[in-house]
$ cat model05.pdb   # PDB, C-alpha atoms and all ligand atoms
ATOM      1  CA  MET A   1       0.000   0.000   0.000  1.00  0.00           C
ATOM      2  CA  ASP A   2       1.414   3.441  -0.878  1.00  0.00           C
ATOM      3  CA  VAL A   3       1.993   5.698   2.121  1.00  0.00           C
ATOM      4  CA  HIS A   4       1.758   9.461   1.585  1.00  0.00           C
ATOM      5  CA  VAL A   5       2.236  12.367   3.933  1.00  0.00           C
ATOM      6  CA  ARG A   6       1.119  15.936   3.374  1.00  0.00           C
ATOM      7  CA  TYR A   7       4.074  17.584   5.060  1.00  0.00           C
ATOM      8  CA  GLU A   8       3.381  20.966   6.620  1.00  0.00           C
ATOM      9  CA  GLY A   9       6.838  21.416   8.164  1.00  0.00           C
ATOM     10  CA  ASP A  10       5.719  23.443  11.195  1.00  0.00           C
ATOM     11  CA  ASP A  11       6.869  20.909  13.807  1.00  0.00           C
ATOM     12  CA  ASP A  12      10.325  20.201  15.249  1.00  0.00           C
ATOM     13  CA  PRO A  13      12.157  18.580  12.286  1.00  0.00           C
ATOM     14  CA  GLU A  14      14.366  16.586  14.683  1.00  0.00           C
ATOM     15  CA  LYS A  15      11.336  14.825  16.192  1.00  0.00           C
ATOM     16  CA  CYS A  16       9.219  14.597  13.039  1.00  0.00           C
ATOM     17  CA  THR A  17       8.259  10.966  12.429  1.00  0.00           C
ATOM     18  CA  ALA A  18       7.178  11.588   8.826  1.00  0.00           C
ATOM     19  CA  ARG A  19      10.582  12.975   7.844  1.00  0.00           C
ATOM     20  CA  LYS A  20      12.219   9.904   9.300  1.00  0.00           C
ATOM     21  CA  LEU A  21       9.918   7.616   7.315  1.00  0.00           C
ATOM     22  CA  ALA A  22      10.765   9.546   4.151  1.00  0.00           C
ATOM     23  CA  ARG A  23      14.506   9.255   4.869  1.00  0.00           C
ATOM     24  CA  PHE A  24      14.103   5.476   4.827  1.00  0.00           C
ATOM     25  CA  ASP A  25      11.937   5.619   1.709  1.00  0.00           C
ATOM     26  CA  LEU A  26       8.928   4.409   3.696  1.00  0.00           C
ATOM     27  CA  ALA A  27       6.666   7.372   2.862  1.00  0.00           C
ATOM     28  CA  ASP A  28       6.361  10.032   0.154  1.00  0.00           C
ATOM     29  CA  LEU A  29       6.251  13.602   1.457  1.00  0.00           C
ATOM     30  CA  HIS A  30       4.144  16.194  -0.381  1.00  0.00           C
ATOM     31  CA  ARG A  31       4.545  19.937   0.188  1.00  0.00           C
ATOM     32  CA  SER A  32       1.118  21.080  -1.044  1.00  0.00           C
ATOM     33  CA  ASP A  33      -2.469  19.801  -0.864  1.00  0.00           C
ATOM     34  CA  ARG A  34      -2.612  19.714  -4.653  1.00  0.00           C
ATOM     35  CA  ALA A  35       0.410  17.459  -4.910  1.00  0.00           C
ATOM     36  CA  THR A  36      -1.009  14.999  -2.354  1.00  0.00           C
ATOM     37  CA  PRO A  37      -2.856  12.007  -3.833  1.00  0.00           C
ATOM     38  CA  PRO A  38      -6.530  11.735  -2.794  1.00  0.00           C
ATOM     39  CA  GLY A  39      -6.399   8.472  -0.863  1.00  0.00           C
ATOM     40  CA  ILE A  40      -7.770   7.432   2.529  1.00  0.00           C
ATOM     41  CA  VAL A  41      -6.919  10.504   4.619  1.00  0.00           C
ATOM     42  CA  LEU A  42      -6.258  10.002   8.337  1.00  0.00           C
ATOM     43  CA  ASN A  43      -8.130  12.875   9.931  1.00  0.00           C
ATOM     44  CA  PRO A  44      -8.975  12.931  13.664  1.00  0.00           C
ATOM     45  CA  HIS A  45     -11.947  15.250  12.901  1.00  0.00           C
ATOM     46  CA  ALA A  46     -13.534  12.929  10.308  1.00  0.00           C
ATOM     47  CA  GLU A  47     -17.070  11.706  10.950  1.00  0.00           C
ATOM     48  CA  ARG A  48     -16.428   8.152   9.819  1.00  0.00           C
ATOM     49  CA  ALA A  49     -14.082   5.743  11.593  1.00  0.00           C
ATOM     50  CA  LEU A  50     -11.496   3.811   9.596  1.00  0.00           C
ATOM     51  CA  SER A  51     -12.425   0.130   9.162  1.00  0.00           C
ATOM     52  CA  PRO A  52     -11.369  -2.882   7.092  1.00  0.00           C
ATOM     53  CA  ALA A  53     -14.068  -1.830   4.602  1.00  0.00           C
ATOM     54  CA  ASP A  54     -11.623   0.922   3.487  1.00  0.00           C
ATOM     55  CA  ALA A  55      -8.875  -1.542   2.555  1.00  0.00           C
ATOM     56  CA  ALA A  56      -9.628  -1.763  -1.181  1.00  0.00           C
ATOM     57  CA  THR A  57      -9.678   2.044  -1.601  1.00  0.00           C
ATOM     58  CA  ALA A  58      -6.480   2.425   0.406  1.00  0.00           C
ATOM     59  CA  ARG A  59      -4.763  -0.210  -1.746  1.00  0.00           C
ATOM     60  CA  GLU A  60      -5.874   1.516  -4.893  1.00  0.00           C
ATOM     61  CA  ASN A  61      -5.374   5.176  -3.923  1.00  0.00           C
ATOM     62  CA  GLY A  62      -2.960   5.068  -0.976  1.00  0.00           C
ATOM     63  CA  LEU A  63      -3.016   6.001   2.676  1.00  0.00           C
ATOM     64  CA  VAL A  64      -2.454   9.670   3.580  1.00  0.00           C
ATOM     65  CA  ALA A  65      -1.553  11.432   6.832  1.00  0.00           C
ATOM     66  CA  LEU A  66      -1.100  15.140   7.487  1.00  0.00           C
ATOM     67  CA  ASP A  67       2.103  15.888   9.348  1.00  0.00           C
ATOM     68  CA  CYS A  68       1.803  19.175  11.193  1.00  0.00           C
ATOM     69  CA  SER A  69       2.001  20.287  14.819  1.00  0.00           C
ATOM     70  CA  TRP A  70      -1.016  19.395  16.992  1.00  0.00           C
ATOM     71  CA  GLU A  71      -1.492  23.157  17.535  1.00  0.00           C
ATOM     72  CA  SER A  72      -2.231  23.641  13.832  1.00  0.00           C
ATOM     73  CA  ALA A  73      -4.145  20.382  13.303  1.00  0.00           C
ATOM     74  CA  GLY A  74      -7.605  21.991  13.447  1.00  0.00           C
ATOM     75  CA  GLU A  75     -10.499  20.792  11.317  1.00  0.00           C
ATOM     76  CA  LYS A  76      -9.911  23.422   8.602  1.00  0.00           C
ATOM     77  CA  ARG A  77      -6.348  22.259   8.075  1.00  0.00           C
ATOM     78  CA  PHE A  78      -7.601  18.939   6.674  1.00  0.00           C
ATOM     79  CA  SER A  79      -8.579  20.295   3.277  1.00  0.00           C
ATOM     80  CA  LEU A  80      -7.137  17.367   1.345  1.00  0.00           C
ATOM     81  CA  GLY A  81      -9.024  15.469  -1.326  1.00  0.00           C
ATOM     82  CA  GLY A  82      -9.925  11.841  -0.655  1.00  0.00           C
ATOM     83  CA  ASP A  83     -11.972   9.840   1.851  1.00  0.00           C
ATOM     84  CA  HIS A  84     -11.397  11.142   5.368  1.00  0.00           C
ATOM     85  CA  ARG A  85     -11.365   8.679   8.263  1.00  0.00           C
ATOM     86  CA  ALA A  86     -10.747   8.986  12.006  1.00  0.00           C
ATOM     87  CA  LEU A  87      -8.844   6.301  13.867  1.00  0.00           C
ATOM     88  CA  PRO A  88     -10.709   4.724  16.773  1.00  0.00           C
ATOM     89  CA  TYR A  89      -9.516   4.865  20.386  1.00  0.00           C
ATOM     90  CA  LEU A  90      -5.819   3.990  20.690  1.00  0.00           C
ATOM     91  CA  VAL A  91      -3.056   5.044  23.056  1.00  0.00           C
ATOM     92  CA  ALA A  92       0.190   6.781  22.044  1.00  0.00           C
ATOM     93  CA  ALA A  93       3.565   5.177  22.749  1.00  0.00           C
ATOM     94  CA  ASN A  94       5.751   8.048  21.534  1.00  0.00           C
ATOM     95  CA  PRO A  95       7.870   9.744  24.240  1.00  0.00           C
ATOM     96  CA  VAL A  96       6.088  13.124  23.915  1.00  0.00           C
ATOM     97  CA  ASN A  97       2.567  11.812  24.562  1.00  0.00           C
ATOM     98  CA  PHE A  98       3.178   8.355  26.039  1.00  0.00           C
ATOM     99  CA  GLY A  99      -0.011   6.753  27.362  1.00  0.00           C
ATOM    100  CA  ARG A 100      -2.213   9.582  26.112  1.00  0.00           C
ATOM    101  CA  PRO A 101      -5.257   8.512  24.101  1.00  0.00           C
ATOM    102  CA  MET A 102      -5.526   9.741  20.513  1.00  0.00           C
ATOM    103  CA  ARG A 103      -2.363  11.911  20.488  1.00  0.00           C
ATOM    104  CA  LEU A 104      -0.682   9.748  17.897  1.00  0.00           C
ATOM    105  CA  THR A 105       2.337  10.699  15.848  1.00  0.00           C
ATOM    106  CA  THR A 106       2.125  10.370  12.094  1.00  0.00           C
ATOM    107  CA  VAL A 107       3.914   7.007  12.125  1.00  0.00           C
ATOM    108  CA  GLU A 108       1.646   5.647  14.878  1.00  0.00           C
ATOM    109  CA  ALA A 109      -1.456   6.766  12.941  1.00  0.00           C
ATOM    110  CA  LEU A 110      -0.207   5.231   9.682  1.00  0.00           C
ATOM    111  CA  ALA A 111       0.812   1.992  11.408  1.00  0.00           C
ATOM    112  CA  ALA A 112      -2.519   1.674  13.243  1.00  0.00           C
ATOM    113  CA  ALA A 113      -4.340   2.224   9.952  1.00  0.00           C
ATOM    114  CA  LEU A 114      -2.235  -0.437   8.209  1.00  0.00           C
ATOM    115  CA  VAL A 115      -3.022  -2.980  10.954  1.00  0.00           C
ATOM    116  CA  ILE A 116      -6.759  -2.206  10.763  1.00  0.00           C
ATOM    117  CA  LEU A 117      -6.593  -2.482   6.960  1.00  0.00           C
ATOM    118  CA  GLY A 118      -4.960  -5.920   7.228  1.00  0.00           C
ATOM    119  CA  ASP A 119      -1.313  -5.105   6.491  1.00  0.00           C
ATOM    120  CA  ARG A 120       0.475  -5.657   9.799  1.00  0.00           C
ATOM    121  CA  ASP A 121       3.853  -6.451   8.189  1.00  0.00           C
ATOM    122  CA  HIS A 122       3.857  -3.020   6.572  1.00  0.00           C
ATOM    123  CA  ALA A 123       2.955  -1.423   9.938  1.00  0.00           C
ATOM    124  CA  GLU A 124       5.895  -3.219  11.579  1.00  0.00           C
ATOM    125  CA  ARG A 125       8.265  -1.972   8.879  1.00  0.00           C
ATOM    126  CA  LEU A 126       7.290   1.645   9.608  1.00  0.00           C
ATOM    127  CA  LEU A 127       7.412   1.284  13.405  1.00  0.00           C
ATOM    128  CA  GLY A 128      10.698  -0.644  13.198  1.00  0.00           C
ATOM    129  CA  LYS A 129      12.525   2.650  12.638  1.00  0.00           C
ATOM    130  CA  PHE A 130      11.540   3.956  16.104  1.00  0.00           C
ATOM    131  CA  THR A 131      12.835   2.652  19.459  1.00  0.00           C
ATOM    132  CA  TRP A 132       9.308   2.866  20.913  1.00  0.00           C
ATOM    133  CA  GLY A 133       7.604   1.475  17.774  1.00  0.00           C
ATOM    134  CA  GLU A 134       7.074  -2.038  19.061  1.00  0.00           C
ATOM    135  CA  THR A 135       5.628  -0.636  22.294  1.00  0.00           C
ATOM    136  CA  PHE A 136       2.849   1.010  20.260  1.00  0.00           C
ATOM    137  CA  LEU A 137       1.720  -2.385  18.960  1.00  0.00           C
ATOM    138  CA  GLU A 138       2.040  -3.953  22.424  1.00  0.00           C
ATOM    139  CA  LEU A 139       0.053  -1.208  24.198  1.00  0.00           C
ATOM    140  CA  ASN A 140      -2.726  -1.414  21.610  1.00  0.00           C
ATOM    141  CA  ALA A 141      -2.623  -5.139  20.849  1.00  0.00           C
ATOM    142  CA  GLU A 142      -6.177  -5.946  21.922  1.00  0.00           C
ATOM    143  CA  PRO A 143      -8.035  -2.968  20.400  1.00  0.00           C
ATOM    144  CA  LEU A 144      -6.075  -3.233  17.140  1.00  0.00           C
ATOM    145  CA  ARG A 145      -6.871  -6.937  16.852  1.00  0.00           C
ATOM    146  CA  ARG A 146     -10.548  -6.247  17.477  1.00  0.00           C
ATOM    147  CA  TYR A 147     -10.785  -3.275  15.074  1.00  0.00           C
ATOM    148  CA  ALA A 148      -9.071  -5.316  12.351  1.00  0.00           C
ATOM    149  CA  ALA A 149     -11.735  -8.013  12.766  1.00  0.00           C
ATOM    150  CA  CYS A 150     -14.633  -5.558  12.261  1.00  0.00           C
ATOM    151  CA  SER A 151     -16.553  -5.474   9.019  1.00  0.00           C
ATOM    152  CA  ASP A 152     -17.371  -1.775   8.809  1.00  0.00           C
ATOM    153  CA  SER A 153     -17.148   1.628  10.462  1.00  0.00           C
ATOM    154  CA  ALA A 154     -20.248   1.095  12.645  1.00  0.00           C
ATOM    155  CA  ASP A 155     -18.687  -2.082  14.058  1.00  0.00           C
ATOM    156  CA  VAL A 156     -15.446  -0.239  14.822  1.00  0.00           C
ATOM    157  CA  VAL A 157     -17.362   2.518  16.634  1.00  0.00           C
ATOM    158  CA  GLU A 158     -19.182  -0.106  18.718  1.00  0.00           C
ATOM    159  CA  VAL A 159     -15.913  -1.760  19.786  1.00  0.00           C
ATOM    160  CA  GLN A 160     -14.351   1.635  20.495  1.00  0.00           C
ATOM    161  CA  GLY A 161     -17.265   2.380  22.845  1.00  0.00           C
ATOM    162  CA  GLU A 162     -16.102  -0.390  25.174  1.00  0.00           C
ATOM    163  CA  TYR A 163     -12.702   1.278  25.583  1.00  0.00           C
ATOM    164  CA  LEU A 164     -14.167   4.767  26.002  1.00  0.00           C
ATOM    165  CA  ASP A 165     -16.490   3.495  28.771  1.00  0.00           C
ATOM    166  CA  ARG A 166     -13.633   2.008  30.805  1.00  0.00           C
TER     167      ARG A 166
HETATM  168  C1  LIG A 201      -0.981  16.240  14.018  1.00  0.00           C
HETATM  169  S1  LIG A 201       0.239  15.236  13.251  1.00  0.00           S
HETATM  170  C2  LIG A 201       1.529  15.239  14.470  1.00  0.00           C
HETATM  171  C3  LIG A 201       2.777  14.680  13.853  1.00  0.00           C
HETATM  172  C4  LIG A 201       3.990  14.661  14.747  1.00  0.00           C
HETATM  173  N1  LIG A 201       4.580  15.958  14.734  1.00  0.00           N
HETATM  174  C5  LIG A 201       5.012  13.620  14.255  1.00  0.00           C
HETATM  175  O1  LIG A 201       6.201  13.929  14.180  1.00  0.00           O
HETATM  176  O2  LIG A 201       4.621  12.496  13.949  1.00  0.00           O
HETATM  177  C6  LIG A 201      -0.353  13.546  13.398  1.00  0.00           C
HETATM  178  C7  LIG A 201      -1.166  13.069  12.196  1.00  0.00           C
HETATM  179  O3  LIG A 201      -1.444  11.676  12.352  1.00  0.00           O
HETATM  180  C8  LIG A 201      -2.782  11.414  11.951  1.00  0.00           C
HETATM  181  N2  LIG A 201      -3.574  11.094  13.166  1.00  0.00           N
HETATM  182  C9  LIG A 201      -3.181  11.157  14.457  1.00  0.00           C
HETATM  183  N3  LIG A 201      -4.185  10.772  15.282  1.00  0.00           N
HETATM  184  C10 LIG A 201      -5.243  10.469  14.492  1.00  0.00           C
HETATM  185  C11 LIG A 201      -6.576  10.010  14.725  1.00  0.00           C
HETATM  186  N4  LIG A 201      -7.042   9.797  15.953  1.00  0.00           N
HETATM  187  N5  LIG A 201      -7.378   9.786  13.663  1.00  0.00           N
HETATM  188  C12 LIG A 201      -6.935   9.996  12.403  1.00  0.00           C
HETATM  189  N6  LIG A 201      -5.687  10.434  12.116  1.00  0.00           N
HETATM  190  C13 LIG A 201      -4.857  10.662  13.134  1.00  0.00           C
HETATM  191  C14 LIG A 201      -3.320  12.674  11.293  1.00  0.00           C
HETATM  192  O4  LIG A 201      -3.029  12.652   9.911  1.00  0.00           O
HETATM  193  C15 LIG A 201      -2.541  13.736  12.055  1.00  0.00           C
HETATM  194  O5  LIG A 201      -2.497  14.970  11.382  1.00  0.00           O
END

$ encode --input "model05.pdb" --output "structure tokens" --more "lines below"
Ligand SMILES: C[S@@+](CC[C@H](N)C(=O)[O-])C[C@H]1O[C@@H](n2cnc3c(N)ncnc32)[C@H](O)[C@@H]1O
Amino acid sequence: MDVHVRYEGDDDPEKCTARKLARFDLADLHRSDRATPPGIVLNPHAERALSPADAATARENGLVALDCSWESAGEKRFSLGGDHRALPYLVAANPVNFGRPMRLTTVEALAAALVILGDRDHAERLLGKFTWGETFLELNAEPLRRYAACSDSADVVEVQGEYLDR
């Protein structure tokens, strides 16, 4: 599956996970919305949750994340073409937001999406470049397994509800 990142460049370049992926040829960075392919866009503000039902579109058109600082990641910033999807409840493993729900780095978001879409090997390749990458899969092992077994977005939202209620 092709992995694309709309790269805003307003975050600390030393800590930017998307730049690191690009250095290892694991993601294509795009500097404008127009240059970014309209794939499945990972957008925390999207109405619909990502589910395995999106796998065919993602394989055909690619998976897209927006790499910017969380301060600038408001709803209006996600003006990319494509099908926008929110990830369900997951916990961050990166050192900046460790243990915090939903504050995922770009690589965590892309890897979670790949697992849900049925491509765990690809997720492991991305996370393998980060010392805390494996921890992300360990921390989220149960929810990721359950989301990946769902048939559609409604199913994913139902499973997510169990974690939000805890
Ligand atoms: C705001 S940027 C922060 C990037 C961080 N500076 C880094 O170096 O990785 C994280 C991106 O990951 C994706 N993402 C993170 N959490 C998400 C969620 N809950 N649902 C959908 N996409 C999410 C979005 O594309 C989001 O813009």

$ resolve_selection --input "model05.pdb" --expression "the PyMOL selection byres (((not hetatm)) within 6 of (chain A and resi 201))" --output "PyMOL selection string"
chain A and resi 11+15-18+42-44+65-70+73+86-87+102-107+109

$ write_last_selection --input "model05.pdb" --atoms "C-alpha atoms" --output "mmCIF file, keeping the file's coordinate frame"
data_model
loop_
_atom_site.group_PDB
_atom_site.id
_atom_site.type_symbol
_atom_site.label_atom_id
_atom_site.label_comp_id
_atom_site.auth_asym_id
_atom_site.auth_seq_id
_atom_site.Cartn_x
_atom_site.Cartn_y
_atom_site.Cartn_z
ATOM 1 C CA ASP A 11 6.869 20.909 13.807
ATOM 2 C CA LYS A 15 11.336 14.825 16.192
ATOM 3 C CA CYS A 16 9.219 14.597 13.039
ATOM 4 C CA THR A 17 8.259 10.966 12.429
ATOM 5 C CA ALA A 18 7.178 11.588 8.826
ATOM 6 C CA LEU A 42 -6.258 10.002 8.337
ATOM 7 C CA ASN A 43 -8.130 12.875 9.931
ATOM 8 C CA PRO A 44 -8.975 12.931 13.664
ATOM 9 C CA ALA A 65 -1.553 11.432 6.832
ATOM 10 C CA LEU A 66 -1.100 15.140 7.487
ATOM 11 C CA ASP A 67 2.103 15.888 9.348
ATOM 12 C CA CYS A 68 1.803 19.175 11.193
ATOM 13 C CA SER A 69 2.001 20.287 14.819
ATOM 14 C CA TRP A 70 -1.016 19.395 16.992
ATOM 15 C CA ALA A 73 -4.145 20.382 13.303
ATOM 16 C CA ALA A 86 -10.747 8.986 12.006
ATOM 17 C CA LEU A 87 -8.844 6.301 13.867
ATOM 18 C CA MET A 102 -5.526 9.741 20.513
ATOM 19 C CA ARG A 103 -2.363 11.911 20.488
ATOM 20 C CA LEU A 104 -0.682 9.748 17.897
ATOM 21 C CA THR A 105 2.337 10.699 15.848
ATOM 22 C CA THR A 106 2.125 10.370 12.094
ATOM 23 C CA VAL A 107 3.914 7.007 12.125
ATOM 24 C CA ALA A 109 -1.456 6.766 12.941
#

$ closest_residue --input "model05.pdb" --among "A:Gly9, A:Pro95, A:Gly62, A:Pro52" --to "Arg31 of chain A" --atoms "all atoms listed in the file"
A:Gly9

$ resolve_selection --input "model05.pdb" --expression "the PyMOL selection byres (((chain A and resi 50) around 7) and not hetatm)" --output "PyMOL selection string"
chain A and resi 48-49+51+54+85-87+153

$ atom_distance --input "model05.pdb" --atom1 "atom CA of Ala27 of chain A" --atom2 "atom CA of Gly128 of chain A"
13.7 Å

$ atom_distance --input "model05.pdb" --atom1 "atom CA of Gly81 of chain A" --atom2 "atom CA of Gly39 of chain A"
7.5 Å

$ resolve_selection --input "model05.pdb" --expression "the PyMOL selection byres (((chain A and resi 129-139) around 9) and not hetatm)" --output "PDB file with C-alpha atoms, keeping the file's coordinate frame"
ATOM      1  CA  THR A  17       8.259  10.966  12.429  1.00  0.00           C
ATOM      2  CA  LYS A  20      12.219   9.904   9.300  1.00  0.00           C
ATOM      3  CA  LEU A  21       9.918   7.616   7.315  1.00  0.00           C
ATOM      4  CA  PHE A  24      14.103   5.476   4.827  1.00  0.00           C
ATOM      5  CA  LEU A  90      -5.819   3.990  20.690  1.00  0.00           C
ATOM      6  CA  VAL A  91      -3.056   5.044  23.056  1.00  0.00           C
ATOM      7  CA  ALA A  92       0.190   6.781  22.044  1.00  0.00           C
ATOM      8  CA  ALA A  93       3.565   5.177  22.749  1.00  0.00           C
ATOM      9  CA  ASN A  94       5.751   8.048  21.534  1.00  0.00           C
ATOM     10  CA  PRO A  95       7.870   9.744  24.240  1.00  0.00           C
ATOM     11  CA  GLY A  99      -0.011   6.753  27.362  1.00  0.00           C
ATOM     12  CA  VAL A 107       3.914   7.007  12.125  1.00  0.00           C
ATOM     13  CA  GLU A 108       1.646   5.647  14.878  1.00  0.00           C
ATOM     14  CA  ALA A 111       0.812   1.992  11.408  1.00  0.00           C
ATOM     15  CA  ALA A 112      -2.519   1.674  13.243  1.00  0.00           C
ATOM     16  CA  GLU A 124       5.895  -3.219  11.579  1.00  0.00           C
ATOM     17  CA  ARG A 125       8.265  -1.972   8.879  1.00  0.00           C
ATOM     18  CA  LEU A 126       7.290   1.645   9.608  1.00  0.00           C
ATOM     19  CA  LEU A 127       7.412   1.284  13.405  1.00  0.00           C
ATOM     20  CA  GLY A 128      10.698  -0.644  13.198  1.00  0.00           C
ATOM     21  CA  ASN A 140      -2.726  -1.414  21.610  1.00  0.00           C
ATOM     22  CA  ALA A 141      -2.623  -5.139  20.849  1.00  0.00           C
ATOM     23  CA  GLU A 142      -6.177  -5.946  21.922  1.00  0.00           C
ATOM     24  CA  LEU A 144      -6.075  -3.233  17.140  1.00  0.00           C
TER      25      LEU A 144
END

$ axis_aligned_box --input "model05.pdb" --around "segment 28-47 of chain A" --padding-each-side "4 Å" --output "JSON"
{"center_x": -5.4, "center_y": 14.3, "center_z": 4.4, "size_x": 31.4, "size_y": 21.6, "size_z": 26.6}

$ atom_distance --input "model05.pdb" --atom1 "atom CA of Ala113 of chain A" --atom2 "atom CA of Arg23 of chain A"
20.7 Å

$ closest_residue --input "model05.pdb" --among "A:Ala53, A:Glu71, A:Leu80, A:Met1" --to "Thr36 of chain A" --atoms "all atoms listed in the file"
A:Leu80

$ closest_residue --input "model05.pdb" --among "A:Leu63, A:Ala22, A:Ala35, A:Ile116" --to "His84 of chain A" --atoms "only C-alpha atoms"
A:Leu63

$ closest_residue --input "model05.pdb" --among "A:Ser72, A:Leu29, A:Ser79, A:Glu60" --to "Val41 of chain A" --atoms "all atoms listed in the file"
A:Ser79

$ closest_residue --input "model05.pdb" --among "A:Ala56, A:Ala154, A:Val3, A:Ala46" --to "Gly74 of chain A" --atoms "all atoms listed in the file"
A:Ala46

$ closest_residue --input "model05.pdb" --among "A:Gly82, A:Pro88, A:Pro13, A:Pro38" --to "Pro143 of chain A" --atoms "all atoms listed in the file"
A:Pro88
